[in-house]
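Read through the structure below, which is laid out as structure tokens, and then see the notes.
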Amino acid sequence: MGAKESLVSEKYPTKPITIIVPYAAGGSSDMIARMLEKSALKHLGQPLVVVNMPGGSTTIGMNELAGAKPDGYTIGVVAVSAILQPLYGQTRYHYPTALEPLANVVSSPAVLATLAEKPWKNLGELVSYAKQHPGEIKIGHSGLGTSVHVTEEMFAKEAGITIKQVPFRGESEAIAALLGGHVQLIGVYSPAALKEHVESGTIRILGVADENRLTIPGFENVPTFKEQGIDVALNCWNGIAVPKGLPAAEKARLTAGLGAMINDPDFKKSMEELGMSVQYMGPEEFSERWIADNAKLKKAVTEAGIVELIASQKK
């Protein structure tokens, strides 16, 4: 029986692999899945089938992924929300333990942006205005409790200002609200979504919430929050995870295939053109990142009062 099982594993994969994206089409997670889809046949021997499952602050898609059979035929794009959601209360699955991280694909810190017509050229000018006009500024983001929301709360707390948080169903809605004048600021963690507006001179990026500046073409000159005296840095990431319990042979095959796909020069170039910075990590290093981020985010959401905020919204 052992020899037969080994033979089956060696043949894996023998059919298309489903990749779940817990977001709507068009966002950064979806872009990653679509780009991986292009080279799946070359590196895995089978195509990837992208399935978008948005809603429930990513929990609909995450539940589908965590509850899938751990046979290597269902994988998913995961983000920091996999760690954040269980911090806010009971979820059907405890994602950090129900899922197994296989590969980090990109790292993308949140950026704070405003309309170019606004008078604030940097965070210092924005903070000064906000202190003189408490509660006047509204800031949009992609959803209550998301990593961008957490970053914005950390920024407001560190800067000692009051800004009204306005959650939307995704980055595209938040950007539309900024362009329509419904909010004065937005936070996004995929600069790609802002690229055309920055290039056209409609939107100005005020700061990057990371230790280092972005290396993405067109964004290299945007200063970090820390450079501007605001001690906030929270790097967001997107990676690939599978349901816990994937057999070793399938895990090794998937890990090798994903590694080749992510490190492919064409994939890296495509991601850069979309405004995303590839940072490949294998299963061990990616697992370490989950553990470190869990501790960091637990502290951040508690101190910023986001846990209580979300609990009150659920009542």
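Residues in the structure tokens are numbered from 1 in each chain, the chains being A, B, ... in the order shown, and ligands are numbered from 1 in the order shown.
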Per residue of segment 242-274 of chain A within 12 Å of segment 282-304 of chain A, note the shortest atom pair and the distance in Å to one decimal, counting only C-alpha atoms, and order the rows by chain and increasing residue number, as CSV.
residue,atom,partner,partner_atom,distance
A:Val242,CA,A:Pro283,CA,10.9
A:Lys251,CA,A:Pro283,CA,9.5
A:Ala252,CA,A:Pro283,CA,9.9
A:Leu254,CA,A:Pro283,CA,10.7
A:Thr255,CA,A:Gly282,CA,7.2
A:Ala256,CA,A:Gly282,CA,9.1
A:Gly257,CA,A:Gly282,CA,11.3
A:Leu258,CA,A:Gly282,CA,9.1
A:Gly259,CA,A:Gly282,CA,7.4
A:Ala260,CA,A:Gly282,CA,11.1
A:Ile262,CA,A:Gly282,CA,10.6
A:Asn263,CA,A:Gly282,CA,11.3
Among segment 36-173 of chain A, which residues does DSSP mark as alpha helix (DSSP H) when it is run on the backbone? Keep the chain and numbering as in the structure and answer as an NGL selection string.
:A and (36-44 or 59-66 or 81-87 or 95-98 or 123-132 or 147-159 or 171-173)
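Ranking A:Gly124, A:His197, A:Ser270, A:Pro119 by their shortest atom-to-atom distance to Glu227 of chain A, with only C-alpha atoms included, puts A:Gly124 first.
Near Phe168 of chain A, within 7 Å and counting only C-alpha atoms, sit Gly140, His141, Ser142, Gly143, Val166, Gly170, Glu173 and Ala174 of chain A, not including residues fewer than 2 positions from it in the same chain.
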If you count only C-alpha atoms, the residue of A:Ser107, A:Ser128, A:Gln165, A:Ser200 closest to Met281 of chain A turns out to be A:Ser107
Please identify every residue of segment 79-115 of chain A that has at least one atom no farther than 10 Å from an atom of segment 55-60 of chain A, counting only C-alpha atoms, and for each give the shortest atom pair and the distance in Å to one decimal, arranged by chain then increasing number, as a Markdown table.
| residue | atom | partner | partner_atom | distance |
| --- | --- | --- | --- | --- |
| A:Ala79 | CA | A:Thr58 | CA | 9.3 |
| A:Ser81 | CA | A:Thr58 | CA | 7.2 |
| A:Ala82 | CA | A:Thr58 | CA | 8.3 |
| A:Gln85 | CA | A:Thr59 | CA | 7.8 |
| A:Pro86 | CA | A:Thr59 | CA | 9.9 |
| A:Thr91 | CA | A:Thr59 | CA | 7.8 |
| A:Arg92 | CA | A:Thr59 | CA | 8.5 |
| A:Tyr93 | CA | A:Thr59 | CA | 9.1 |
| A:Tyr95 | CA | A:Thr59 | CA | 9.4 |
How about saving the chosen residues, N, CA and C atoms kept, as an mmCIF file, in the first residue's frame?
data_model
loop_
_atom_site.group_PDB
_atom_site.id
_atom_site.type_symbol
_atom_site.label_atom_id
_atom_site.label_comp_id
_atom_site.auth_asym_id
_atom_site.auth_seq_id
_atom_site.Cartn_x
_atom_site.Cartn_y
_atom_site.Cartn_z
ATOM 1 N N ALA A 79 -3.745 37.007 3.200
ATOM 2 C CA ALA A 79 -3.130 38.283 3.558
ATOM 3 C C ALA A 79 -3.080 38.377 5.080
ATOM 4 N N SER A 81 -5.020 39.570 6.996
ATOM 5 C CA SER A 81 -6.354 39.320 7.574
ATOM 6 C C SER A 81 -6.468 37.921 8.168
ATOM 7 N N ALA A 82 -5.667 36.988 7.680
ATOM 8 C CA ALA A 82 -5.688 35.622 8.223
ATOM 9 C C ALA A 82 -5.290 35.625 9.696
ATOM 10 N N GLN A 85 -8.294 38.564 11.725
ATOM 11 C CA GLN A 85 -9.692 38.224 11.997
ATOM 12 C C GLN A 85 -9.903 37.460 13.312
ATOM 13 N N PRO A 86 -9.098 36.430 13.623
ATOM 14 C CA PRO A 86 -9.292 35.728 14.902
ATOM 15 C C PRO A 86 -9.028 36.600 16.136
ATOM 16 N N THR A 91 -14.002 33.038 15.034
ATOM 17 C CA THR A 91 -14.207 32.757 13.610
ATOM 18 C C THR A 91 -14.421 31.246 13.489
ATOM 19 N N ARG A 92 -15.040 30.827 12.386
ATOM 20 C CA ARG A 92 -15.344 29.393 12.235
ATOM 21 C C ARG A 92 -14.080 28.542 12.363
ATOM 22 N N TYR A 93 -12.987 29.046 11.802
ATOM 23 C CA TYR A 93 -11.685 28.384 11.931
ATOM 24 C C TYR A 93 -10.698 29.399 12.496
ATOM 25 N N TYR A 95 -7.609 30.670 11.739
ATOM 26 C CA TYR A 95 -6.832 30.578 10.506
ATOM 27 C C TYR A 95 -5.326 30.337 10.704
#
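Remark: for Ile83 of chain A, the closest of the candidate residues A:Met53, A:Val111, A:Met271, A:Met62 is A:Met62 (distances computed over only C-alpha atoms).
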Could you give me, as a PyMOL selection string, the residues within 10 Å of Leu115 of chain A, counting only C-alpha atoms and dropping anything in the same chain fewer than 5 positions from it?
chain A and resi 120+178-181+183-186+197-198+201-205
Per residue of segment 142-200 of chain A within 8 Å of segment 25-41 of chain A, what are the shortest atom pair and its distance in Å to one decimal, counting only C-alpha atoms, with rows by chain and residue number, as a Markdown table?
| residue | atom | partner | partner_atom | distance |
| --- | --- | --- | --- | --- |
| A:Gly170 | CA | A:Gly27 | CA | 7.9 |
| A:Glu171 | CA | A:Gly27 | CA | 7.3 |
| A:Ser172 | CA | A:Gly27 | CA | 7.7 |
| A:Ser190 | CA | A:Ser28 | CA | 6.2 |
| A:Ala192 | CA | A:Ser28 | CA | 7.8 |
| A:Ala193 | CA | A:Gly27 | CA | 7.7 |
Please return, as a PyMOL selection string, all residues of segment 72-308 of chain A that DSSP assigns to strand (DSSP E or B) on the basis of the backbone.
chain A and resi 74-79+99-109+111-115+138-141+164-167+185-188+203-208+224+235-243+277-281
Restricting it to C-alpha atoms, dump the selection as a CSV table (one decimal), in the first residue's frame.
chain,number,residue,atom,x,y,z
A,74,THR,CA,-7.2,23.7,-3.1
A,75,ILE,CA,-4.9,26.5,-2.3
A,76,GLY,CA,-5.6,30.2,-1.5
A,77,VAL,CA,-4.2,33.7,-1.5
A,78,VAL,CA,-3.9,34.9,2.1
A,79,ALA,CA,-3.1,38.3,3.6
A,99,LEU,CA,-4.0,26.9,7.5
A,100,GLU,CA,-0.4,26.1,6.6
A,101,PRO,CA,1.7,28.9,5.0
A,102,LEU,CA,3.5,27.8,1.9
A,103,ALA,CA,4.9,30.9,0.3
A,104,ASN,CA,5.0,34.7,0.8
A,105,VAL,CA,4.6,36.3,-2.6
A,106,VAL,CA,4.7,40.1,-2.1
A,107,SER,CA,5.2,42.6,0.7
A,108,SER,CA,3.4,45.8,0.5
A,109,PRO,CA,3.2,48.5,3.2
A,111,VAL,CA,0.5,54.2,1.9
A,112,LEU,CA,-1.5,57.3,2.9
A,113,ALA,CA,-2.9,59.3,0.0
A,114,THR,CA,-4.9,62.4,-0.7
A,115,LEU,CA,-6.0,64.4,-3.7
A,138,LYS,CA,-12.4,61.6,7.0
A,139,ILE,CA,-10.1,58.7,5.9
A,140,GLY,CA,-11.3,55.8,3.8
A,141,HIS,CA,-10.0,52.2,3.9
A,164,LYS,CA,-13.0,59.8,11.2
A,165,GLN,CA,-12.5,56.3,9.8
A,166,VAL,CA,-14.8,55.4,6.9
A,167,PRO,CA,-14.8,51.7,5.9
A,185,LEU,CA,-7.6,60.7,2.8
A,186,ILE,CA,-7.3,57.0,2.0
A,187,GLY,CA,-5.0,54.2,3.1
A,188,VAL,CA,-4.2,51.4,0.7
A,203,ILE,CA,-3.5,61.8,-6.3
A,204,ARG,CA,-0.6,62.5,-4.0
A,205,ILE,CA,1.0,59.9,-1.7
A,206,LEU,CA,1.9,61.5,1.6
A,207,GLY,CA,3.8,58.6,3.3
A,208,VAL,CA,4.7,54.9,3.4
A,224,THR,CA,8.3,56.8,5.1
A,235,ASN,CA,4.2,45.7,6.4
A,236,CYS,CA,1.3,43.9,4.7
A,237,TRP,CA,1.8,40.8,2.7
A,238,ASN,CA,0.1,38.4,0.4
A,239,GLY,CA,1.0,34.8,0.2
A,240,ILE,CA,-0.2,31.3,-0.5
A,241,ALA,CA,-1.6,28.9,2.1
A,242,VAL,CA,-3.2,25.5,2.1
A,243,PRO,CA,-5.5,23.6,4.6
A,277,SER,CA,7.2,44.2,-4.7
A,278,VAL,CA,8.0,40.5,-4.8
A,279,GLN,CA,9.5,39.1,-1.6
A,280,TYR,CA,9.6,35.3,-1.7
A,281,MET,CA,9.6,33.3,1.5
Separation of atom CA of Asp231 of chain A from atom CA of Phe155 of chain A, in Å and rounded to one decimal:
8.1 Å
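Atom CA of Asn221 of chain A lies 24.3 Å from atom CA of Val150 of chain A.
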Atom CA of Glu196 of chain A to atom CA of Phe225 of chain A, distance in Å rounded to a single decimal:
22.7 Å
Shortest interatomic distance to Ile137 of chain A - which of A:Ile163, A:Leu246, A:Ala116, A:Leu48, counting only C-alpha atoms
A:Ile163
